[in-house]
Amino acid sequence: MGVGENGRPRVVVLGGGFAGLGAARKLKGAPVDVVVIDRHNYHTFQPLLYQVATDLLEESSVGHPLRDLFHGQDNARVHNVAVTGIDLDRREVQLDGMEPLAYDFLVLGLGAEVNFFGAEGAPEHAFPMYTLADAVRLKEHILELWEAADRDPSLVEDGALNVVVVGGGPTGVESVGALAELYRSNFSKDYPNLPQEKARLTLVEAGPTLFAMFKPDIRSYTDRVLEKYGVDVMTGEIVESVAPTRVTLKSGQVLKAHTLVWGAGLQANPAAAQLGVELERGNRIRVDPDLRVPDRPEVFAVGDIAWITDGKTEEVLPQLGSVALQAGEWAGENVTRLVDGKETKPFEYEDKGTMATIGRGSAVVQFRRGRTMKGKAAFLAWGAVHLALLSTGEDRAKAVVDWTWAGLTRERSARIIVKTDTH
Ligand SMILES: Cc1cc2nc3c(=O)[nH]c(=O)nc-3n(C[C@H](O)[C@H](O)[C@H](O)COP(=O)(O)OP(=O)(O)OC[C@H]3O[C@@H](n4cnc5c(N)ncnc54)[C@H](O)[C@@H]3O)c2cc1C
């Protein structure tokens, strides 16, 4: 006898990201009640956050109302509420301002959050890039700095227009590439009186190279693209502390910059550490091959919060949208199998390649067997793979139109600052 309506099993899905959505939607038509919980009332398409931060896309292109995604699913309900605790022994989830919710099955898809690795001042002054709110905050901060420098050009000498981006992995490289496009194309026309050459973009990476996970040909292509964009790359440097207008490196060097974008690391959602289960690097929850938490046969963990090993290759899978979506769907299928009295199946990931965009028309792809792609073809491959991740046909159509329009016109119509505390 389940705790759902009419004694049906209740599946509580925590998180409406790729992982949670994949699981919840896979349960459409299954003889269960599905309850999706998210602290936001929208699903965020994180791969396009840079485009929001750099004014290319509006928020609504990247956030989709969660309720909308379940209109056609009679067995699903959505609650816009924050999870405050999870009691695995009582099989109950505690929520902020709502009665606790009992479950028969739990799918943990709460994602990850930024890891500042103890850099002093970073939590207060750095700009992470993980949520839609992060992207909007960065966008408005940069626009405000350029407007301030327009009013008082002496700010330029103090580094007001400089941005330091930390992290030579996909988040850092993609962020600095997107910022470079904004700076070198639109801002040079918007602010003709400001000395563009003094607006420096610097990418800081602790290791010896950018894109350490990629092959050497991709790395040298990336270096060339960033050089063309005028990005200063500093490898072998660690950010020690961050102040509102200065970034101090471990080597002692101080960079003048009023903006520091943090793209250097992730850790699992803090809920993971409160469960009392085995955790791996980055506090990710170790799961069995069928995506269940060891010794908790009714609990699945999927997406960025989980440490998932591919059933075929035995490799630990990266924190990617496609891994999250596929694992979420697989967990949904395994729940259905259990409800039907069948055995679960070990997860197998269908790898479409590791990829990153460095700017419009510049991207890199590395396939599992080692083949690589660079430039426009890779950009199109990135588009195809990521369009498939968008949750509805309507989202896909909108994304294609927005990108094509932005590509043809180079227009960034989202270049506005909306202050909600004034008229
Ligand atoms: C800037 C950026 C660019 C990226 N680019 C790519 C890319 O090009 N390709 C790619 O494949 N992957 C990319 N990724 C990675 C990809 O987006 C993630 O791997 C994926 O989103 C993980 O999905 P998830 O469902 O596990 O977590 P998330 O998508 O983070 O979803 C977690 C959900 O849980 C909710 N939540 C969290 N805590 C609580 C709480 N306490 N209570 C209630 N709800 C809560 C959040 O609101 C969120 O909706 C990128 C990530 C970032 C940040």
# chains A, B, ... in the order shown; residues from 1 in each chain; ligands from 1

call {"tool": "residues_near_ligand", "arguments": {"ligand": "ligand 1", "cutoff": "7 Å", "atoms": "only C-alpha atoms and all ligand atoms", "output": "VMD selection string"}}
result
chain A and resid 14 to 20 37 to 40 43 to 50 81 to 84 109 to 112 129 to 131 171 269 302 to 305 319 to 322 324 355 to 356 386

call {"tool": "residues_around", "arguments": {"residues": "Val93 of chain A", "least_positions_apart": "2", "cutoff": "10 Å", "atoms": "only C-alpha atoms", "output": "PyMOL selection string"}}
result
chain A and resi 12+14+83-88+90-91+95+99-103+106

call {"tool": "residues_around", "arguments": {"residues": "Leu56 of chain A", "least_positions_apart": "6", "cutoff": "8 Å", "atoms": "only C-alpha atoms", "output": "PyMOL selection string"}}
result
chain A and resi 406+411-415

call {"tool": "select_by_dssp", "arguments": {"residues": "segment 51-106 of chain A", "states": "strand (DSSP E)", "output": "PyMOL selection string"}}
result
chain A and resi 63-65+76-80+83-87+92-95+98-102+105-106

call {"tool": "closest_atom_pairs", "arguments": {"of": "segment 96-184 of chain A", "to": "segment 205-225 of chain A", "cutoff": "9 Å", "atoms": "only C-alpha atoms", "output": "JSON lines"}}
result
{"residue": "A:Val165", "atom": "CA", "partner": "A:Glu205", "partner_atom": "CA", "distance": 8.8}
{"residue": "A:Val166", "atom": "CA", "partner": "A:Glu205", "partner_atom": "CA", "distance": 6.2}
{"residue": "A:Gly167", "atom": "CA", "partner": "A:Glu205", "partner_atom": "CA", "distance": 5.0}
{"residue": "A:Gly168", "atom": "CA", "partner": "A:Leu210", "partner_atom": "CA", "distance": 4.5}
{"residue": "A:Gly169", "atom": "CA", "partner": "A:Phe211", "partner_atom": "CA", "distance": 5.0}
{"residue": "A:Pro170", "atom": "CA", "partner": "A:Phe211", "partner_atom": "CA", "distance": 6.9}
{"residue": "A:Gly172", "atom": "CA", "partner": "A:Glu205", "partner_atom": "CA", "distance": 8.8}
{"residue": "A:Val173", "atom": "CA", "partner": "A:Leu210", "partner_atom": "CA", "distance": 7.9}
{"residue": "A:Gly177", "atom": "CA", "partner": "A:Val225", "partner_atom": "CA", "distance": 8.5}

call {"tool": "write_last_selection", "arguments": {"atoms": "N, CA and C atoms", "output": "PDB file, in the first residue's frame"}}
result
ATOM      1  N   VAL A 165      38.111  35.929 -14.959  1.00  0.00           N
ATOM      2  CA  VAL A 165      37.310  34.710 -14.934  1.00  0.00           C
ATOM      3  C   VAL A 165      38.203  33.610 -14.378  1.00  0.00           C
ATOM      4  N   VAL A 166      37.704  32.874 -13.396  1.00  0.00           N
ATOM      5  CA  VAL A 166      38.532  31.816 -12.797  1.00  0.00           C
ATOM      6  C   VAL A 166      38.075  30.463 -13.307  1.00  0.00           C
ATOM      7  N   GLY A 167      39.031  29.655 -13.763  1.00  0.00           N
ATOM      8  CA  GLY A 167      38.700  28.284 -14.163  1.00  0.00           C
ATOM      9  C   GLY A 167      38.902  28.057 -15.644  1.00  0.00           C
ATOM     10  N   GLY A 168      39.804  27.146 -15.983  1.00  0.00           N
ATOM     11  CA  GLY A 168      40.103  26.852 -17.389  1.00  0.00           C
ATOM     12  C   GLY A 168      39.335  25.662 -17.919  1.00  0.00           C
ATOM     13  N   GLY A 169      38.244  25.287 -17.242  1.00  0.00           N
ATOM     14  CA  GLY A 169      37.369  24.233 -17.767  1.00  0.00           C
ATOM     15  C   GLY A 169      36.273  24.874 -18.609  1.00  0.00           C
ATOM     16  N   PRO A 170      35.270  24.076 -19.016  1.00  0.00           N
ATOM     17  CA  PRO A 170      34.226  24.621 -19.888  1.00  0.00           C
ATOM     18  C   PRO A 170      33.549  25.877 -19.324  1.00  0.00           C
ATOM     19  N   GLY A 172      34.603  28.302 -17.283  1.00  0.00           N
ATOM     20  CA  GLY A 172      35.455  29.481 -17.372  1.00  0.00           C
ATOM     21  C   GLY A 172      35.695  29.901 -18.810  1.00  0.00           C
ATOM     22  N   VAL A 173      36.053  28.933 -19.656  1.00  0.00           N
ATOM     23  CA  VAL A 173      36.377  29.267 -21.052  1.00  0.00           C
ATOM     24  C   VAL A 173      35.134  29.795 -21.775  1.00  0.00           C
ATOM     25  N   GLY A 177      34.754  33.604 -23.240  1.00  0.00           N
ATOM     26  CA  GLY A 177      34.481  33.720 -24.682  1.00  0.00           C
ATOM     27  C   GLY A 177      33.229  34.553 -24.925  1.00  0.00           C
TER      28      GLY A 177
END

call {"tool": "closest_residue", "arguments": {"among": "A:Glu157, A:Glu147, A:Val316, A:Leu138", "to": "Val52 of chain A", "atoms": "only C-alpha atoms"}}
result
A:Leu138

call {"tool": "select_by_dssp", "arguments": {"residues": "segment 304-356 of chain A", "states": "alpha helix (DSSP H)", "output": "compact mmCIF listing (two decimals) with all heavy atoms, in the first residue's frame"}}
result
# COMPACT_ATOMS: atom_id res chain seq x y z
N GLY A 321 24.51 18.09 -18.62
CA GLY A 321 23.07 18.04 -18.83
C GLY A 321 22.62 16.72 -19.43
O GLY A 321 21.60 16.14 -19.01
N SER A 322 23.39 16.20 -20.39
CA SER A 322 22.94 14.97 -21.05
C SER A 322 23.04 13.78 -20.09
O SER A 322 22.18 12.89 -20.11
CB SER A 322 23.75 14.71 -22.32
OG SER A 322 25.09 15.01 -22.10
N VAL A 323 24.05 13.77 -19.22
CA VAL A 323 24.15 12.69 -18.22
C VAL A 323 22.95 12.79 -17.27
O VAL A 323 22.29 11.79 -16.96
CB VAL A 323 25.47 12.81 -17.41
CG1 VAL A 323 25.50 11.78 -16.29
CG2 VAL A 323 26.69 12.65 -18.31
N ALA A 324 22.65 14.04 -16.83
CA ALA A 324 21.55 14.23 -15.87
C ALA A 324 20.22 13.79 -16.47
O ALA A 324 19.45 13.05 -15.84
CB ALA A 324 21.49 15.70 -15.44
N LEU A 325 19.97 14.20 -17.70
CA LEU A 325 18.68 13.85 -18.33
C LEU A 325 18.55 12.34 -18.53
O LEU A 325 17.54 11.74 -18.16
CB LEU A 325 18.55 14.58 -19.68
CG LEU A 325 17.21 14.38 -20.38
CD1 LEU A 325 16.08 15.05 -19.62
CD2 LEU A 325 17.26 14.95 -21.81
N GLN A 326 19.60 11.75 -19.09
CA GLN A 326 19.53 10.29 -19.34
C GLN A 326 19.42 9.50 -18.03
O GLN A 326 18.66 8.53 -17.94
CB GLN A 326 20.75 9.82 -20.10
CG GLN A 326 20.76 10.26 -21.56
CD GLN A 326 21.98 9.71 -22.31
OE1 GLN A 326 22.42 8.60 -22.08
NE2 GLN A 326 22.52 10.51 -23.20
N ALA A 327 20.18 9.91 -17.00
CA ALA A 327 20.13 9.19 -15.73
C ALA A 327 18.76 9.37 -15.08
O ALA A 327 18.19 8.43 -14.52
CB ALA A 327 21.23 9.68 -14.80
N GLY A 328 18.21 10.60 -15.18
CA GLY A 328 16.87 10.84 -14.62
C GLY A 328 15.85 9.93 -15.29
O GLY A 328 15.04 9.28 -14.62
N GLU A 329 15.91 9.87 -16.62
CA GLU A 329 14.94 9.02 -17.34
C GLU A 329 15.11 7.56 -16.94
O GLU A 329 14.15 6.82 -16.76
CB GLU A 329 15.14 9.18 -18.85
CG GLU A 329 14.70 10.55 -19.33
CD GLU A 329 14.93 10.81 -20.81
OE1 GLU A 329 15.74 10.07 -21.44
OE2 GLU A 329 14.34 11.75 -21.33
N TRP A 330 16.37 7.16 -16.77
CA TRP A 330 16.65 5.76 -16.41
C TRP A 330 16.08 5.45 -15.02
O TRP A 330 15.50 4.39 -14.78
CB TRP A 330 18.16 5.51 -16.45
CG TRP A 330 18.53 4.08 -16.58
CD1 TRP A 330 18.56 3.14 -15.59
CD2 TRP A 330 18.91 3.38 -17.78
NE1 TRP A 330 18.94 1.93 -16.09
CE2 TRP A 330 19.17 2.04 -17.43
CE3 TRP A 330 19.07 3.78 -19.11
CZ2 TRP A 330 19.57 1.09 -18.37
CZ3 TRP A 330 19.48 2.82 -20.04
CH2 TRP A 330 19.73 1.50 -19.67
N ALA A 331 16.25 6.43 -14.09
CA ALA A 331 15.70 6.23 -12.74
C ALA A 331 14.18 6.10 -12.81
O ALA A 331 13.59 5.25 -12.14
CB ALA A 331 16.09 7.41 -11.84
N GLY A 332 13.55 6.94 -13.65
CA GLY A 332 12.09 6.85 -13.82
C GLY A 332 11.69 5.46 -14.31
O GLY A 332 10.74 4.86 -13.81
N GLU A 333 12.46 4.94 -15.26
CA GLU A 333 12.16 3.59 -15.78
C GLU A 333 12.35 2.54 -14.70
O GLU A 333 11.56 1.61 -14.57
CB GLU A 333 13.08 3.26 -16.96
CG GLU A 333 12.50 3.70 -18.28
CD GLU A 333 13.47 3.51 -19.42
OE1 GLU A 333 14.33 2.61 -19.35
OE2 GLU A 333 13.38 4.29 -20.38
N ASN A 334 13.41 2.70 -13.93
CA ASN A 334 13.67 1.70 -12.87
C ASN A 334 12.59 1.74 -11.79
O ASN A 334 12.22 0.69 -11.25
CB ASN A 334 15.07 1.90 -12.27
CG ASN A 334 16.13 1.13 -13.05
OD1 ASN A 334 15.80 0.23 -13.83
ND2 ASN A 334 17.38 1.47 -12.84
N VAL A 335 12.07 2.93 -11.49
CA VAL A 335 10.96 3.01 -10.52
C VAL A 335 9.76 2.22 -11.09
O VAL A 335 9.15 1.40 -10.40
CB VAL A 335 10.56 4.48 -10.24
CG1 VAL A 335 9.25 4.53 -9.45
CG2 VAL A 335 11.65 5.20 -9.46
N THR A 336 9.46 2.43 -12.35
CA THR A 336 8.33 1.72 -12.98
C THR A 336 8.56 0.22 -12.91
O THR A 336 7.63 -0.55 -12.63
CB THR A 336 8.17 2.17 -14.45
OG1 THR A 336 8.16 3.59 -14.48
CG2 THR A 336 6.90 1.63 -15.07
N ARG A 337 9.78 -0.21 -13.17
CA ARG A 337 10.08 -1.65 -13.12
C ARG A 337 9.83 -2.20 -11.71
O ARG A 337 9.24 -3.26 -11.54
CB ARG A 337 11.53 -1.92 -13.55
CG ARG A 337 11.85 -1.51 -14.98
CD ARG A 337 13.30 -1.82 -15.35
NE ARG A 337 13.50 -3.26 -15.47
CZ ARG A 337 13.15 -3.97 -16.53
NH1 ARG A 337 12.63 -3.36 -17.58
NH2 ARG A 337 13.34 -5.26 -16.55
N LEU A 338 10.27 -1.45 -10.70
CA LEU A 338 10.07 -1.92 -9.32
C LEU A 338 8.58 -2.00 -8.98
O LEU A 338 8.12 -2.97 -8.36
CB LEU A 338 10.78 -0.98 -8.34
CG LEU A 338 12.32 -1.05 -8.36
CD1 LEU A 338 12.92 0.09 -7.54
CD2 LEU A 338 12.81 -2.40 -7.82
N VAL A 339 7.82 -0.97 -9.42
CA VAL A 339 6.38 -0.97 -9.13
C VAL A 339 5.71 -2.18 -9.83
O VAL A 339 4.80 -2.79 -9.29
CB VAL A 339 5.75 0.37 -9.62
CG1 VAL A 339 4.23 0.31 -9.56
CG2 VAL A 339 6.27 1.51 -8.77
